[in-house]
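Undergrad: I have a structure here, written as structure tokens, and I will follow up with some questions on it.
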Amino acid sequence: MTPATSMMLFRSDLRITDNPALFDAVQKRIPLICLFVWDPSTSALEQPGKASRWWLYQSLRQFSSRLQTVGNNLVVKIGRLSEVVPEMIQHYHVTHVSWNFSYEPNARNEENLLRKWITQHGAQVACFNGNLLVDPQLMYNQKGTPYTIFTPFWNRLQKTLPGSFSIRRLNQLPSAPPPIQNQNPSTFLKALAAFDHYAGYHDYWKPGEEGAQASLKKFLPHHVFTYRSDRDRPDMNHTARLSPHLHFGEISPAFVWKTLDRIAKKTSSRGKTNILAFRRQLAWREFATHLLFHHPNLPSIPLKTEYKDFPWQSRATLLQAWQTRQTGYPIIDAGMRELLKTGWMHNRIRMVAASFLTKHLLLDWREGAKWFWETLVDADMANNTLGWQWAAGCGADAAPFFRIFNPMLQGKKFDPEGSYVRRWVPELSRLDQSYIHQPWEAPQSMLKKANVVLGKTYPFPIVHHRQAREKALARFQQFKSTPTIIRNAL
DNA sequence: TGAAATGTTGGGGCG
DNA sequence: ACGCCCCAACATTTC
């Protein structure tokens, strides 16, 4: 009879350090199968976009060789989790399965089905929270309901978190059962090679656990101490750039938090304030995931349900202009260009671009979310949904609808010299900084000197800022003053 | 994790 | 010396 085997099911936790489920699986001290399942049948909404599939493929390759250095092999299978895993369990006589919870709705359903199957078939299951600072089921407000406002959530989180997490490291894993040991790992990965559509991301990213640690190390010694103000500056490169690493679980938020503890001990109060500002961002990620956990429909239905009937426009040409960086507003086009080229966009510009899509263009926030989902290497259902609903004014703790970003002012404030625009919209690179965020207002002579021909080398604005703003406000007013009953009858 | 409109204040120029 | 206006700077309100 085959000897008993344990299984570690990797989900969004492609790391060895501080991986509670893996630590648990290793404790069994029996042969260990490390499995990753790619489920192409998952609902369209949860199917990763192009950019994140690129990342996933790279990350799995890295992880595969990393597992080999600690004495195991990564097995990659394609199919439904609740079908593939039972087959493996029976085939290899698996007696114990561990994984870290997912929080996306479809992934959760699959995990629940699987868990039921395993217990029914007499094997053990152990699930852990490995991807959040606090399990969503352990954080409720005084009324006993989930938080929907960030600030109280944040206050509570700071009080709840223990001063230190215990970070578990592993140097050696039990080996895989012989039939797996003897297979070439690349045969497992070959199935995923279709995702390897190189798009130039390699210049900007190093997927995998090692890359994640490197990003953190680069950020911590200095940029964290100016984070509070610099984080809003797209022209600087002072953010941590951890988002894709965190999304795929190449580094755990607990590890980051704990590392910050160490640094915070030896710094001034100003340093501590900056560290707190960074932690606050981790808390937004946490908040988003908790919300999605409690509201699985969130990607399609706004948290402020009254907005579900808001009359968004459907204008393909406007959407396309936004997607292809042809809005005529340099700060937005720069952001959209950064997104296409690197698979990432600075958060401040994400907000400006999202505000522009939902308010200036009056397009459905779900259209914007869909595009980000496809093009971001850090595309994360919870974060993406929260961000877009926030911008559209229909989400948790959202900006009120009438809060409309002025692209010129945002540019002036956060890209004062225009170097971000110059970097990503080279057509404008020779334009004086006084007009770089509003080229249509520049005198002819200056445009000529900068080699800019509006409407030719760079588009005119697709909408007039003031008019678009007023139109959005009017539409919102009208929406608010029309009773639901009448809206439904229309 | 706004912006614009509107209101208030205070200093300086100037008759 | 005084009142008046201008306007920048700041505060408040409104969308």
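Each chain in the structure tokens gets a letter, A, B, ..., in the order shown, and its residues are numbered from 1; ligands are numbered from 1 in order too.
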Chain A residues within 10 Å of chain C, counting only C-alpha atoms (C1' of nucleotides): which ones, as an mmCIF file with N, CA and C atoms, in the first residue's frame?
TA:
data_model
loop_
_atom_site.group_PDB
_atom_site.id
_atom_site.type_symbol
_atom_site.label_atom_id
_atom_site.label_comp_id
_atom_site.auth_asym_id
_atom_site.auth_seq_id
_atom_site.Cartn_x
_atom_site.Cartn_y
_atom_site.Cartn_z
ATOM 1 N N PRO A 400 -17.988 61.184 -1.772
ATOM 2 C CA PRO A 400 -19.331 61.537 -2.238
ATOM 3 C C PRO A 400 -19.299 61.756 -3.740
ATOM 4 N N PHE A 401 -20.434 61.553 -4.369
ATOM 5 C CA PHE A 401 -20.454 61.631 -5.822
ATOM 6 C C PHE A 401 -19.913 62.958 -6.332
ATOM 7 N N PHE A 402 -20.226 64.031 -5.613
ATOM 8 C CA PHE A 402 -19.834 65.348 -6.102
ATOM 9 C C PHE A 402 -18.350 65.642 -5.943
ATOM 10 N N ARG A 403 -17.620 64.735 -5.366
ATOM 11 C CA ARG A 403 -16.176 64.934 -5.258
ATOM 12 C C ARG A 403 -15.532 64.556 -6.592
ATOM 13 N N ILE A 404 -15.277 65.544 -7.399
ATOM 14 C CA ILE A 404 -14.787 65.307 -8.747
ATOM 15 C C ILE A 404 -13.366 65.840 -8.876
ATOM 16 N N GLU A 470 -20.044 69.927 -14.550
ATOM 17 C CA GLU A 470 -21.394 70.401 -14.274
ATOM 18 C C GLU A 470 -22.454 69.394 -14.727
ATOM 19 N N LEU A 473 -22.598 66.673 -12.092
ATOM 20 C CA LEU A 473 -23.303 67.127 -10.890
ATOM 21 C C LEU A 473 -24.805 67.178 -11.131
ATOM 22 N N ALA A 474 -25.191 67.666 -12.312
ATOM 23 C CA ALA A 474 -26.614 67.765 -12.631
ATOM 24 C C ALA A 474 -27.249 66.384 -12.698
ATOM 25 N N GLN A 477 -27.697 65.117 -9.242
ATOM 26 C CA GLN A 477 -28.819 65.788 -8.586
ATOM 27 C C GLN A 477 -30.145 65.179 -9.010
#
Undergrad: Kindly determine which residues of chain A lie within 10 Å of chain B, considering only C-alpha atoms (C1' of nucleotides), and give the answer as a PyMOL selection string.
TA: chain A and resi 232+347-348+351+390-391+398-400+402-406+409-410
Undergrad: Among region 217-372 of chain A, which ones does DSSP assign to alpha helix (DSSP H) (computed from the backbone)? Answer as an MDAnalysis selection string.
TA: chainID A and resid 217:219 227:230 243:247 253:265 269:294 316:323 330:342 347:355 365:372
